[in-house]
file query_20.txt (compact mmCIF, C-alpha atoms)
# COMPACT_ATOMS: atom_id res chain seq x y z
CA MET X 858 3.99 -47.76 40.35
CA SER X 859 4.29 -49.31 36.88
CA PRO X 860 7.17 -48.22 34.61
CA ASN X 861 4.71 -46.76 32.08
CA LYS X 862 2.94 -44.68 34.72
CA ALA X 863 6.25 -43.46 36.12
CA ALA X 864 7.38 -42.46 32.63
CA LYS X 865 4.15 -40.52 32.06
CA ASN X 866 4.54 -38.69 35.38
CA LEU X 867 8.14 -37.82 34.49
CA GLN X 868 7.06 -36.63 31.04
CA SER X 869 4.29 -34.53 32.61
CA LYS X 870 6.75 -32.91 35.03
CA PHE X 871 9.20 -32.25 32.20
CA SER X 872 6.44 -30.65 30.07
CA PHE X 873 5.42 -28.47 33.00
CA LYS X 874 8.99 -27.27 33.43
CA LYS X 875 9.34 -26.73 29.70
CA ILE X 876 6.18 -24.63 29.61
CA SER X 877 7.28 -22.71 32.69
CA PHE X 878 10.71 -21.93 31.23
CA SER X 879 9.04 -20.90 28.00
CA ASN X 880 6.73 -18.54 29.87
CA ILE X 881 9.65 -17.14 31.83
CA ARG X 882 11.58 -16.43 28.63
CA LYS X 883 8.51 -14.74 27.17
CA ILE X 884 8.03 -12.60 30.29
CA LEU X 885 11.71 -11.63 30.30
CA SER X 886 11.53 -10.75 26.61
CA ILE X 887 8.50 -8.50 27.13
CA PHE X 888 10.08 -6.95 30.22
CA GLY X 889 13.27 -6.27 28.26
CA SER X 890 11.32 -4.65 25.45
CA TRP X 891 9.39 -2.42 27.85
CA PHE X 892 12.62 -1.51 29.62
CA GLY X 893 14.16 -0.57 26.27
CA PHE X 894 11.01 1.39 25.37
CA PHE X 895 11.12 3.54 28.52
CA PHE X 896 14.90 3.85 28.42
CA ILE X 897 14.63 5.36 24.93
CA ILE X 898 12.03 7.82 26.23
CA TYR X 899 14.48 8.76 28.99
CA ILE X 900 17.28 9.39 26.48
CA ILE X 901 14.95 11.42 24.25
CA LEU X 902 13.95 13.62 27.18
CA LEU X 903 17.61 14.17 28.08
CA ILE X 904 18.33 15.29 24.52
CA LYS X 905 15.35 17.64 24.53
CA ALA X 906 16.50 19.14 27.85
CA VAL X 907 19.65 20.22 26.03
CA THR X 908 17.60 21.50 23.09
CA VAL X 909 15.73 23.93 25.35
CA ARG X 910 18.95 25.87 25.85
CA ASN X 911 18.92 26.88 22.18
CA ILE X 912 15.33 28.08 22.14
CA GLU X 913 16.30 31.76 22.19
CA THR X 914 18.70 31.56 19.23
CA ASN X 915 16.69 29.07 17.14
CA LEU X 916 13.11 29.59 18.27
CA PHE X 917 11.35 27.93 15.32
CA PHE X 918 13.54 24.81 15.16
CA ALA X 919 13.78 24.40 18.92
CA ALA X 920 10.00 24.71 19.17
CA TYR X 921 9.61 22.10 16.42
CA SER X 922 11.89 19.73 18.32
CA ILE X 923 9.96 20.12 21.56
CA ILE X 924 6.52 19.91 19.94
CA ILE X 925 7.28 16.78 17.91
CA THR X 926 8.66 15.03 20.97
CA THR X 927 5.66 15.99 23.08
CA TYR X 928 3.24 15.02 20.32
CA ILE X 929 4.66 11.54 19.69
CA LEU X 930 5.08 10.65 23.36
CA SER X 931 1.56 11.88 24.09
CA ARG X 932 0.18 9.54 21.41
CA PHE X 933 1.61 6.53 23.24
CA LEU X 934 0.36 7.83 26.58
CA LEU X 935 -3.16 8.59 25.39
CA SER X 936 -3.47 5.29 23.53
CA TYR X 937 -2.69 3.51 26.79
CA PHE X 938 -5.78 5.08 28.37
CA HIS X 939 -8.02 4.22 25.42
CA LYS X 940 -10.47 1.61 26.68
CA SER X 941 -13.16 -0.18 24.75
CA ILE X 942 -16.76 -0.27 25.92
CA PRO X 943 -18.58 -3.54 26.72
CA TYR X 944 -20.97 -5.00 24.19
CA ASP X 945 -24.64 -4.74 25.15
CA LYS X 946 -26.47 -7.79 23.78
CA ASN X 947 -29.76 -5.91 24.00
CA TYR X 948 -28.50 -3.28 21.55
CA GLU X 949 -28.51 -4.69 18.04
CA PRO X 950 -29.32 -2.07 15.39
CA SER X 951 -29.96 -3.07 11.79
CA ILE X 952 -26.97 -2.62 9.46
CA THR X 953 -26.27 -2.05 5.78
CA PHE X 954 -22.97 -2.99 4.19
CA VAL X 955 -22.01 -0.75 1.28
CA VAL X 956 -19.17 -1.80 -1.02
CA PRO X 957 -18.41 0.08 -4.26
CA ALA X 958 -15.99 -1.76 -6.56
CA LYS X 959 -14.11 -1.23 -9.79
CA ASN X 960 -12.00 -4.00 -11.33
CA GLU X 961 -11.79 -6.10 -8.16
CA GLU X 962 -12.59 -9.54 -9.57
CA ASP X 963 -9.88 -11.16 -7.40
CA ASN X 964 -11.21 -9.86 -4.07
CA ILE X 965 -14.85 -8.77 -4.31
CA GLY X 966 -16.28 -12.28 -3.90
CA GLU X 967 -14.51 -12.84 -0.59
CA THR X 968 -15.29 -9.28 0.56
CA ILE X 969 -19.05 -9.84 0.16
CA ARG X 970 -18.96 -13.44 1.38
CA ARG X 971 -17.56 -12.28 4.72
CA PHE X 972 -20.72 -10.21 5.29
CA SER X 973 -22.80 -13.39 5.44
CA GLU X 974 -20.45 -14.97 7.99
CA VAL X 975 -20.59 -12.31 10.70
CA ASN X 976 -21.93 -13.10 14.15
CA TYR X 977 -25.05 -10.98 13.82
CA SER X 978 -28.75 -11.51 13.24
CA LYS X 979 -29.06 -12.18 9.53
CA GLU X 980 -32.50 -10.57 9.27
CA LYS X 981 -30.92 -7.29 10.38
CA ILE X 982 -28.29 -7.28 7.61
CA GLU X 983 -28.55 -5.65 4.20
CA VAL X 984 -25.83 -5.59 1.52
CA ILE X 985 -25.51 -3.04 -1.29
CA ALA X 986 -22.78 -3.79 -3.82
CA ILE X 987 -22.04 -1.30 -6.61
CA ASN X 988 -20.15 -2.33 -9.73
CA ASP X 989 -18.62 0.99 -10.75
CA GLY X 990 -17.94 0.54 -14.46
CA SER X 991 -15.61 -2.43 -14.13
CA THR X 992 -13.94 -3.77 -17.27
CA ASP X 993 -13.12 -7.17 -15.77
CA ASN X 994 -15.30 -9.89 -14.14
CA THR X 995 -16.19 -7.90 -11.02
CA LEU X 996 -19.91 -7.87 -11.86
CA ALA X 997 -19.97 -11.61 -12.52
CA GLU X 998 -18.24 -12.27 -9.19
CA MET X 999 -20.77 -10.02 -7.41
CA GLN X 1000 -23.70 -11.85 -8.95
CA LYS X 1001 -22.20 -15.23 -8.18
CA VAL X 1002 -21.58 -14.57 -4.49
CA SER X 1003 -24.89 -12.71 -4.06
CA GLN X 1004 -26.76 -15.99 -4.42
CA GLU X 1005 -24.70 -17.51 -1.60
CA VAL X 1006 -25.54 -14.51 0.58
CA ARG X 1007 -29.26 -14.73 -0.19
CA ASN X 1008 -29.24 -18.42 0.72
CA LYS X 1009 -28.18 -17.38 4.23
CA GLY X 1010 -31.22 -15.12 4.61
CA ILE X 1011 -29.52 -11.80 3.87
CA ASN X 1012 -30.99 -9.18 1.56
CA ILE X 1013 -28.46 -8.11 -1.09
CA LYS X 1014 -28.70 -5.65 -3.99
CA VAL X 1015 -26.19 -5.57 -6.85
CA ILE X 1016 -26.13 -2.26 -8.70
CA ASN X 1017 -24.42 -2.20 -12.07
CA TRP X 1018 -23.03 1.05 -13.50
CA LYS X 1019 -21.70 0.59 -17.01
CA ILE X 1020 -19.72 3.83 -16.81
CA ASN X 1021 -17.30 4.56 -13.97
CA ARG X 1022 -18.56 7.32 -11.64
CA GLY X 1023 -16.03 7.11 -8.81
CA LYS X 1024 -15.94 5.78 -5.25
CA ARG X 1025 -17.72 8.78 -3.73
CA GLU X 1026 -20.69 8.36 -6.07
CA GLY X 1027 -20.86 4.69 -5.12
CA MET X 1028 -20.78 5.44 -1.39
CA ALA X 1029 -23.46 8.11 -1.81
CA GLU X 1030 -25.66 5.68 -3.75
CA GLY X 1031 -25.32 3.20 -0.90
CA ILE X 1032 -26.31 5.82 1.67
CA LYS X 1033 -29.41 6.82 -0.28
CA ARG X 1034 -30.54 3.23 -0.86
CA ALA X 1035 -29.76 1.97 2.64
CA LYS X 1036 -32.78 1.19 4.82
CA ASN X 1037 -31.05 0.26 8.06
CA GLU X 1038 -29.78 2.24 11.04
CA ILE X 1039 -26.04 1.78 10.63
CA VAL X 1040 -24.13 1.97 7.33
CA ILE X 1041 -20.83 0.07 7.21
CA PHE X 1042 -18.50 0.93 4.34
CA VAL X 1043 -16.03 -1.76 3.35
CA ASP X 1044 -13.51 -1.39 0.53
CA SER X 1045 -13.72 -3.95 -2.25
CA ASP X 1046 -10.29 -5.34 -1.32
CA SER X 1047 -10.94 -5.62 2.43
CA PHE X 1048 -12.24 -8.49 4.54
CA ILE X 1049 -13.96 -8.25 7.94
CA ASP X 1050 -13.75 -10.74 10.80
CA LYS X 1051 -16.81 -12.50 12.19
CA ASP X 1052 -17.05 -10.35 15.34
CA CYS X 1053 -16.29 -7.08 13.57
CA VAL X 1054 -19.89 -5.87 13.40
CA ILE X 1055 -20.78 -6.35 17.06
CA HIS X 1056 -17.71 -4.36 18.08
CA LEU X 1057 -18.52 -1.58 15.64
CA VAL X 1058 -22.18 -1.07 16.45
CA LYS X 1059 -21.81 -1.15 20.25
CA TYR X 1060 -20.48 2.42 20.19
CA PHE X 1061 -23.66 3.71 18.55
CA SER X 1062 -25.58 3.16 21.77
CA ASN X 1063 -24.21 6.64 22.50
CA GLN X 1064 -26.20 9.07 20.35
CA GLU X 1065 -23.24 11.46 20.19
CA VAL X 1066 -21.27 8.92 18.15
CA GLY X 1067 -21.64 9.38 14.41
CA ALA X 1068 -18.80 7.21 13.10
CA VAL X 1069 -16.65 4.27 14.24
CA SER X 1070 -13.39 3.11 12.70
CA ALA X 1071 -12.52 -0.58 12.80
CA HIS X 1072 -8.97 -1.79 13.35
CA THR X 1073 -7.44 -2.79 10.02
CA ASP X 1074 -4.39 -4.99 9.47
CA VAL X 1075 -2.66 -5.80 6.19
CA PHE X 1076 -4.02 -8.93 4.49
CA ASN X 1077 -1.14 -9.44 2.03
CA ARG X 1078 1.53 -8.55 4.55
CA ASP X 1079 3.98 -11.34 3.65
CA ILE X 1080 4.23 -10.61 -0.09
CA ASN X 1081 7.41 -8.53 0.05
CA LEU X 1082 9.35 -5.98 2.08
CA LEU X 1083 7.03 -3.13 1.09
CA THR X 1084 3.86 -4.91 2.26
CA GLN X 1085 5.57 -5.96 5.50
CA MET X 1086 6.51 -2.35 6.20
CA GLN X 1087 2.92 -1.31 5.57
CA GLY X 1088 1.77 -4.01 7.98
CA ALA X 1089 3.83 -2.48 10.76
CA ARG X 1090 2.75 1.05 9.87
CA TYR X 1091 -0.96 0.13 9.76
CA PHE X 1092 -0.79 -1.53 13.17
CA ILE X 1093 0.82 1.46 14.88
CA ALA X 1094 -1.35 3.98 13.02
CA PHE X 1095 -4.47 2.35 14.46
CA LYS X 1096 -3.29 1.10 17.87
CA VAL X 1097 -1.46 4.29 18.80
CA TYR X 1098 -2.59 7.26 16.74
CA LYS X 1099 -6.29 6.49 16.16
CA ALA X 1100 -6.62 5.22 19.72
CA ALA X 1101 -5.22 8.53 20.99
CA GLU X 1102 -7.64 10.53 18.84
CA SER X 1103 -10.53 8.33 19.96
CA ILE X 1104 -10.08 9.41 23.58
CA PHE X 1105 -11.70 12.72 22.60
CA GLY X 1106 -14.08 11.34 19.97
CA SER X 1107 -12.06 13.08 17.25
CA VAL X 1108 -10.72 10.37 14.95
CA THR X 1109 -9.82 12.48 11.93
CA CYS X 1110 -10.19 9.72 9.35
CA CYS X 1111 -12.44 6.67 9.51
CA PRO X 1112 -10.83 4.68 6.69
CA GLY X 1113 -12.64 3.03 3.83
CA CYS X 1114 -11.21 -0.38 4.75
CA CYS X 1115 -13.99 -0.72 7.30
CA SER X 1116 -15.88 2.06 9.08
CA ALA X 1117 -19.45 2.44 10.32
CA TYR X 1118 -21.71 5.51 10.32
CA ARG X 1119 -25.12 6.35 11.74
CA ARG X 1120 -27.37 6.58 8.67
CA LYS X 1121 -29.62 9.38 9.92
CA TYR X 1122 -26.56 11.59 10.30
CA LEU X 1123 -25.31 10.68 6.83
CA THR X 1124 -28.57 11.53 5.11
CA LYS X 1125 -28.28 15.11 6.40
CA ILE X 1126 -24.95 15.73 4.69
CA VAL X 1127 -24.73 13.25 1.80
CA ASP X 1128 -25.63 15.70 -1.00
CA LYS X 1129 -23.29 18.39 0.27
CA TRP X 1130 -20.50 15.83 0.65
CA LEU X 1131 -21.16 14.34 -2.79
CA ASN X 1132 -20.89 17.74 -4.48
CA GLN X 1133 -17.99 19.01 -2.38
CA LYS X 1134 -15.64 21.45 -4.11
CA PHE X 1135 -12.28 22.81 -3.06
CA LEU X 1136 -10.73 25.83 -4.77
CA GLY X 1137 -13.46 25.56 -7.38
CA VAL X 1138 -12.62 21.94 -8.29
CA LYS X 1139 -14.94 19.01 -7.50
CA CYS X 1140 -13.36 16.64 -4.98
CA THR X 1141 -12.62 13.22 -6.48
CA PHE X 1142 -10.26 11.77 -3.87
CA GLY X 1143 -10.03 11.57 -0.09
CA ASP X 1144 -13.65 10.43 0.18
CA ASP X 1145 -13.29 8.72 3.58
CA ARG X 1146 -11.39 11.54 5.28
CA SER X 1147 -13.86 14.03 3.83
CA LEU X 1148 -16.90 12.09 5.08
CA THR X 1149 -15.32 11.83 8.52
CA ASN X 1150 -14.83 15.60 8.53
CA PHE X 1151 -18.51 16.18 7.82
CA ILE X 1152 -19.40 13.91 10.75
CA ILE X 1153 -16.96 15.13 13.42
CA LYS X 1154 -18.01 18.71 12.83
CA LYS X 1155 -21.14 17.90 14.86
CA TYR X 1156 -20.69 14.40 16.27
CA LYS X 1157 -18.03 12.06 17.63
CA ALA X 1158 -15.85 9.64 15.67
CA VAL X 1159 -14.22 6.83 17.66
CA TYR X 1160 -12.00 3.77 17.15
CA SER X 1161 -12.89 0.17 18.01
CA PRO X 1162 -9.75 -1.98 18.50
CA GLU X 1163 -11.77 -5.22 18.69
CA ALA X 1164 -13.53 -4.66 15.36
CA LYS X 1165 -11.02 -6.38 13.09
CA ALA X 1166 -10.65 -6.12 9.33
CA HIS X 1167 -7.89 -6.85 6.82
CA THR X 1168 -7.06 -5.04 3.62
CA VAL X 1169 -4.94 -5.62 0.53
CA VAL X 1170 -2.23 -2.96 0.22
CA PRO X 1171 -0.09 -1.92 -2.77
CA ASP X 1172 2.71 -4.40 -3.44
CA THR X 1173 4.79 -2.23 -5.80
CA PHE X 1174 6.42 1.11 -5.12
CA LYS X 1175 4.62 2.74 -8.07
CA LYS X 1176 1.18 1.83 -6.71
CA TYR X 1177 2.21 2.79 -3.20
CA PHE X 1178 3.58 6.15 -4.28
CA ARG X 1179 0.34 7.01 -6.09
CA GLN X 1180 -1.73 5.97 -3.09
CA GLN X 1181 0.37 8.03 -0.67
CA GLN X 1182 0.31 11.07 -2.94
CA ARG X 1183 -3.48 10.86 -3.16
CA TRP X 1184 -3.71 10.54 0.63
CA LYS X 1185 -1.37 13.50 1.14
CA LYS X 1186 -3.52 15.68 -1.12
CA SER X 1187 -6.70 14.72 0.69
CA TRP X 1188 -4.94 15.38 4.01
CA VAL X 1189 -4.04 18.91 2.88
CA ARG X 1190 -7.57 19.68 1.75
CA GLU X 1191 -9.40 18.16 4.69
CA THR X 1192 -6.95 19.48 7.27
CA PHE X 1193 -7.54 22.98 5.95
CA ILE X 1194 -11.29 22.40 6.31
CA ALA X 1195 -11.04 20.77 9.76
CA SER X 1196 -8.92 23.66 11.01
CA SER X 1197 -12.00 25.86 10.82
CA PHE X 1198 -13.87 23.88 13.50
CA MET X 1199 -11.43 21.71 15.48
CA TRP X 1200 -10.84 24.56 17.93
CA LYS X 1201 -14.42 23.99 19.12
CA LYS X 1202 -13.59 20.44 20.22
CA ASN X 1203 -11.95 19.27 23.44
CA PRO X 1204 -9.00 21.62 24.18
CA LEU X 1205 -6.47 18.74 24.25
CA ALA X 1206 -7.86 17.31 21.02
CA ALA X 1207 -7.63 20.73 19.39
CA LEU X 1208 -4.10 21.28 20.68
CA SER X 1209 -3.03 17.87 19.33
CA PHE X 1210 -4.63 18.55 15.97
CA TYR X 1211 -3.05 21.96 15.41
CA SER X 1212 0.30 20.72 16.71
CA TYR X 1213 0.30 17.95 14.14
CA VAL X 1214 -0.60 20.41 11.38
CA PHE X 1215 2.39 22.55 12.38
CA LEU X 1216 4.68 19.52 12.47
CA ALA X 1217 3.53 18.16 9.12
CA LEU X 1218 3.93 21.48 7.33
CA SER X 1219 7.30 22.17 8.94
CA SER X 1220 8.92 18.74 8.63
CA SER X 1221 10.40 19.20 5.16
CA ILE X 1222 11.88 22.58 6.17
CA VAL X 1223 13.42 21.11 9.32
CA PHE X 1224 14.77 18.12 7.41
CA PHE X 1225 16.33 20.31 4.72
CA ARG X 1226 18.00 22.55 7.32
CA ALA X 1227 19.28 19.68 9.47
CA VAL X 1228 20.42 17.24 6.79
CA ILE X 1229 21.38 19.47 3.84
CA TRP X 1230 21.84 23.14 4.74
CA ASN X 1231 23.62 22.92 8.12
CA PRO X 1232 26.10 20.22 6.98
CA TYR X 1233 26.88 22.33 3.90
CA VAL X 1234 27.50 25.48 5.97
CA THR X 1235 29.20 23.98 9.04
CA ARG X 1236 30.83 20.92 7.38
CA ALA X 1237 29.48 18.81 10.25
CA TRP X 1238 27.35 15.70 10.18
CA PRO X 1239 23.75 16.11 11.48
CA ILE X 1240 24.40 13.69 14.33
CA ALA X 1241 21.92 15.22 16.79
CA TYR X 1242 19.05 15.27 14.30
CA LEU X 1243 19.66 11.75 13.00
CA SER X 1244 20.13 10.38 16.52
CA GLY X 1245 16.83 11.88 17.65
CA LEU X 1246 15.12 10.52 14.54
CA LEU X 1247 16.56 7.04 15.11
CA LEU X 1248 15.40 7.02 18.73
CA MET X 1249 11.87 7.97 17.72
CA LEU X 1250 11.85 5.23 15.10
CA MET X 1251 13.15 2.68 17.61
CA LEU X 1252 10.35 3.69 19.96
CA HIS X 1253 7.77 2.69 17.33
CA GLY X 1254 9.69 -0.50 16.54
CA LEU X 1255 9.84 -1.63 20.17
CA TYR X 1256 6.14 -0.90 20.64
CA TYR X 1257 5.39 -3.09 17.60
CA ARG X 1258 7.57 -5.86 19.05
CA ILE X 1259 5.80 -5.68 22.41
CA LYS X 1260 2.32 -5.84 20.89
CA VAL X 1261 2.92 -8.17 17.95
CA GLY X 1262 6.05 -10.15 18.80
CA LYS X 1263 9.36 -10.72 17.10
CA ARG X 1264 7.73 -10.84 13.68
CA ALA X 1265 9.98 -8.46 11.74
CA TRP X 1266 9.54 -5.74 14.34
CA PHE X 1267 12.46 -3.79 12.88
CA LEU X 1268 10.26 -3.17 9.83
CA ALA X 1269 8.34 -0.66 11.93
CA ILE X 1270 11.59 1.30 12.19
CA LEU X 1271 12.27 0.88 8.47
CA SER X 1272 8.71 1.90 7.56
CA PHE X 1273 8.75 5.15 9.53
CA TRP X 1274 12.27 5.90 8.26
CA PHE X 1275 11.01 5.31 4.71
CA HIS X 1276 8.22 7.84 5.20
CA THR X 1277 10.31 10.37 7.10
CA ILE X 1278 13.29 10.39 4.72
CA LEU X 1279 11.99 9.37 1.29
CA LEU X 1280 8.33 10.41 1.20
CA ILE X 1281 8.64 13.62 3.20
CA TRP X 1282 8.62 15.62 -0.04
CA GLN X 1283 5.20 14.36 -1.07
CA LEU X 1284 3.41 16.84 1.18
CA PRO X 1285 4.92 19.99 -0.37
CA TRP X 1286 4.21 18.54 -3.81
CA ALA X 1287 0.64 17.75 -2.76
CA ILE X 1288 0.15 21.38 -1.76
CA ILE X 1289 1.51 22.62 -5.09
CA THR X 1290 -0.67 20.23 -7.13
CA ILE X 1291 -3.77 20.31 -4.91
CA LYS X 1292 -6.09 21.19 -7.81
CA ASP X 1293 -4.87 18.26 -9.94
CA SER X 1294 -7.35 15.39 -9.45
CA ARG X 1295 -5.58 12.85 -11.66
CA TRP X 1296 -3.82 11.03 -8.79
CA GLY X 1297 -6.72 8.72 -8.01
CA THR X 1298 -6.17 4.98 -8.15
CA ARG X 1299 -9.68 4.17 -9.34
call {"tool": "encode", "arguments": {"input": "query_20.txt", "output": "structure tokens"}}
result
Amino acid sequence: MSPNKAAKNLQSKFSFKKISFSNIRKILSIFGSWFGFFFIIYIILLIKAVTVRNIETNLFFAAYSIIITTYILSRFLLSYFHKSIPYDKNYEPSITFVVPAKNEEDNIGETIRRFSEVNYSKEKIEVIAINDGSTDNTLAEMQKVSQEVRNKGINIKVINWKINRGKREGMAEGIKRAKNEIVIFVDSDSFIDKDCVIHLVKYFSNQEVGAVSAHTDVFNRDINLLTQMQGARYFIAFKVYKAAESIFGSVTCCPGCCSAYRRKYLTKIVDKWLNQKFLGVKCTFGDDRSLTNFIIKKYKAVYSPEAKAHTVVPDTFKKYFRQQQRWKKSWVRETFIASSFMWKKNPLAALSFYSYVFLALSSSIVFFRAVIWNPYVTRAWPIAYLSGLLLMLMLHGLYYRIKVGKRAWFLAILSFWFHTILLIWQLPWAIITIKDSRWGTR
């Protein structure tokens, strides 16, 4: 054997060993993370076993402790059993993309361009873009990219409103003008992947399905700490919580980032949805959650983990606070509405829904008692409460590490801590100011 050939064989053997050791380290890392994940669950259950002893003296707070533990652990369990359905190549309904936009000159071009790049029959695609009273170059960007889209054989309409009417008006306009079977709403700062459409529409082969949520990750994740935290929160919100809801066809919010609806179901409710009022005030926020509510009252709403999209999230605390406050207010309104019919759904889905409502409305009371009132009265640190909170946060962080990798997995812990400790007071404020519609970001 020549020296060169011997060297190559040695190098090949060394590479094989290197790859093997690398795989072993990866397997051990994943195993360690899963071990930590289930060990935390074990510790949490031990703590809750002690909590049960106090149920007679502190019924409300003991019940809260048990319900929140059961709720969170059940989300992870149910999401594990969420399975996607196979794509049927013989089922290819026509689709209409609808994208309303106001002052999105930096993103709208790429948003629309992605529609022409999807792996789908171009003759079955229609695009409706609405310029909703923009004061920047959004319209010019729409017109510029529309020619590129037409050159690929896709029909596109650009609608120009000189005066801002709001996102809901734009979505409704898209529904009324759409000619195809499936309407896909995409926010003007979101971008879909090439296979997104095929993994959205496959669920509509079931006539009971009225809406499908795509999986959305954060596009500008690496800008700063705030966007990184949102990246972790988005991932878990979809992979765990929406997946759990999807088991029963009761996804409570198909987000505007990217969600698909059956057009014939939308046309039945579009006018009522457009003119929706709550406490005598016309609804001008929470459009996506509201539309989902109208759908799941009669049909199913599911989640497609393979349908991938990315969205631009707020990169300053001021923008983020306004967004979260608007979302909290829409949650209050739409949860109140959904409470009137969710009991008709699958018993487990209904139980989960009403449990979460109880937890959300009680969380600020429990936090105040545990962290402020009890320490003031007893002069003792809230060690039990904070320990339980930390364990729950670590559970989310480890799950993120297992699914995504080492990429700043601790930010999942920081993100949920941020929401639990700092933004917990937004919900009570949202209830107090529910009739104030000035929190919108557009």
call {"tool": "closest_residue", "arguments": {"input": "query_20.txt", "among": "X:Tyr1091, X:Tyr937, X:Phe1042, X:Phe892", "to": "Phe972 of chain X", "atoms": "all atoms listed in the file"}}
result
X:Phe1042
call {"tool": "atom_distance", "arguments": {"input": "query_20.txt", "atom1": "atom CA of Ser1219 of chain X", "atom2": "atom CA of Arg1146 of chain X"}}
result
21.8 Å
call {"tool": "residues_around", "arguments": {"input": "query_20.txt", "residues": "Ala906 of chain X", "least_positions_apart": "6", "cutoff": "12 Å", "atoms": "all atoms listed in the file", "output": "list in words"}}
result
Tyr899, Ile900, Ile912, Ala919, Ser922, Ile923 and Thr926 of chain X
call {"tool": "residues_around", "arguments": {"input": "query_20.txt", "residues": "Ser936 of chain X", "least_positions_apart": "3", "cutoff": "12 Å", "atoms": "only C-alpha atoms", "output": "PyMOL selection string"}}
result
chain X and resi 929-933+939-941+1093-1105+1160+1162+1256
call {"tool": "closest_atom_pairs", "arguments": {"input": "query_20.txt", "of": "segment 926-995 of chain X", "to": "segment 1112-1136 of chain X", "cutoff": "10 Å", "atoms": "all atoms listed in the file", "output": "JSON lines"}}
result
{"residue": "X:Ile952", "atom": "CA", "partner": "X:Ala1117", "partner_atom": "CA", "distance": 9.1}
{"residue": "X:Thr953", "atom": "CA", "partner": "X:Arg1120", "partner_atom": "CA", "distance": 9.2}
{"residue": "X:Phe954", "atom": "CA", "partner": "X:Ala1117", "partner_atom": "CA", "distance": 8.9}
{"residue": "X:Val955", "atom": "CA", "partner": "X:Ala1117", "partner_atom": "CA", "distance": 9.9}
{"residue": "X:Val956", "atom": "CA", "partner": "X:Gly1113", "partner_atom": "CA", "distance": 9.5}
call {"tool": "atom_distance", "arguments": {"input": "query_20.txt", "atom1": "atom CA of Met1086 of chain X", "atom2": "atom CA of Ser1272 of chain X"}}
result
5.0 Å
call {"tool": "atom_distance", "arguments": {"input": "query_20.txt", "atom1": "atom CA of Ser1187 of chain X", "atom2": "atom CA of Thr927 of chain X"}}
result
25.6 Å
call {"tool": "closest_residue", "arguments": {"input": "query_20.txt", "among": "X:Gly1023, X:Ala1158, X:Leu1218, X:Val1069", "to": "Gly1143 of chain X", "atoms": "only C-alpha atoms"}}
result
X:Gly1023
call {"tool": "residues_around", "arguments": {"input": "query_20.txt", "residues": "segment 1004-1007 of chain X", "least_positions_apart": "5", "cutoff": "12 Å", "atoms": "only C-alpha atoms", "output": "ChimeraX atom specification"}}
result
/X:966-975,979-980,982-986,997-999,1012-1015
call {"tool": "closest_atom_pairs", "arguments": {"input": "query_20.txt", "of": "segment 1143-1230 of chain X", "to": "segment 1043-1060 of chain X", "cutoff": "6 Å", "atoms": "all atoms listed in the file", "output": "JSON lines"}}
result
{"residue": "X:Ala1164", "atom": "CA", "partner": "X:Cys1053", "partner_atom": "CA", "distance": 4.1}
{"residue": "X:Lys1165", "atom": "CA", "partner": "X:Cys1053", "partner_atom": "CA", "distance": 5.3}
{"residue": "X:Ala1166", "atom": "CA", "partner": "X:Ile1049", "partner_atom": "CA", "distance": 4.2}
{"residue": "X:His1167", "atom": "CA", "partner": "X:Phe1048", "partner_atom": "CA", "distance": 5.2}
{"residue": "X:Thr1168", "atom": "CA", "partner": "X:Ser1047", "partner_atom": "CA", "distance": 4.1}
{"residue": "X:Val1169", "atom": "CA", "partner": "X:Asp1046", "partner_atom": "CA", "distance": 5.7}
call {"tool": "closest_residue", "arguments": {"input": "query_20.txt", "among": "X:Phe918, X:Tyr1213, X:Phe1076, X:Phe895", "to": "Leu934 of chain X", "atoms": "all atoms listed in the file"}}
result
X:Phe895
call {"tool": "closest_residue", "arguments": {"input": "query_20.txt", "among": "X:Gln1180, X:Tyr977, X:Ala1195, X:Ala1029", "to": "Ala1207 of chain X", "atoms": "all atoms listed in the file"}}
result
X:Ala1195
call {"tool": "axis_aligned_box", "arguments": {"input": "query_20.txt", "around": "segment 1053-1072 of chain X", "padding_each_side": "4 Å", "output": "AutoDock Vina command-line options"}}
result
--center_x -17.6 --center_y 2.2 --center_z 17.6 --size_x 25.2 --size_y 26.5 --size_z 17.8
call {"tool": "closest_residue", "arguments": {"input": "query_20.txt", "among": "X:Ala1206, X:Val1170, X:Val1228, X:Ile1020", "to": "Val1075 of chain X", "atoms": "all atoms listed in the file"}}
result
X:Val1170
call {"tool": "residues_around", "arguments": {"input": "query_20.txt", "residues": "Gly1027 of chain X", "least_positions_apart": "2", "cutoff": "8 Å", "atoms": "all atoms listed in the file", "output": "PyMOL selection string"}}
result
chain X and resi 956-957+987+989+1022-1025+1029-1031
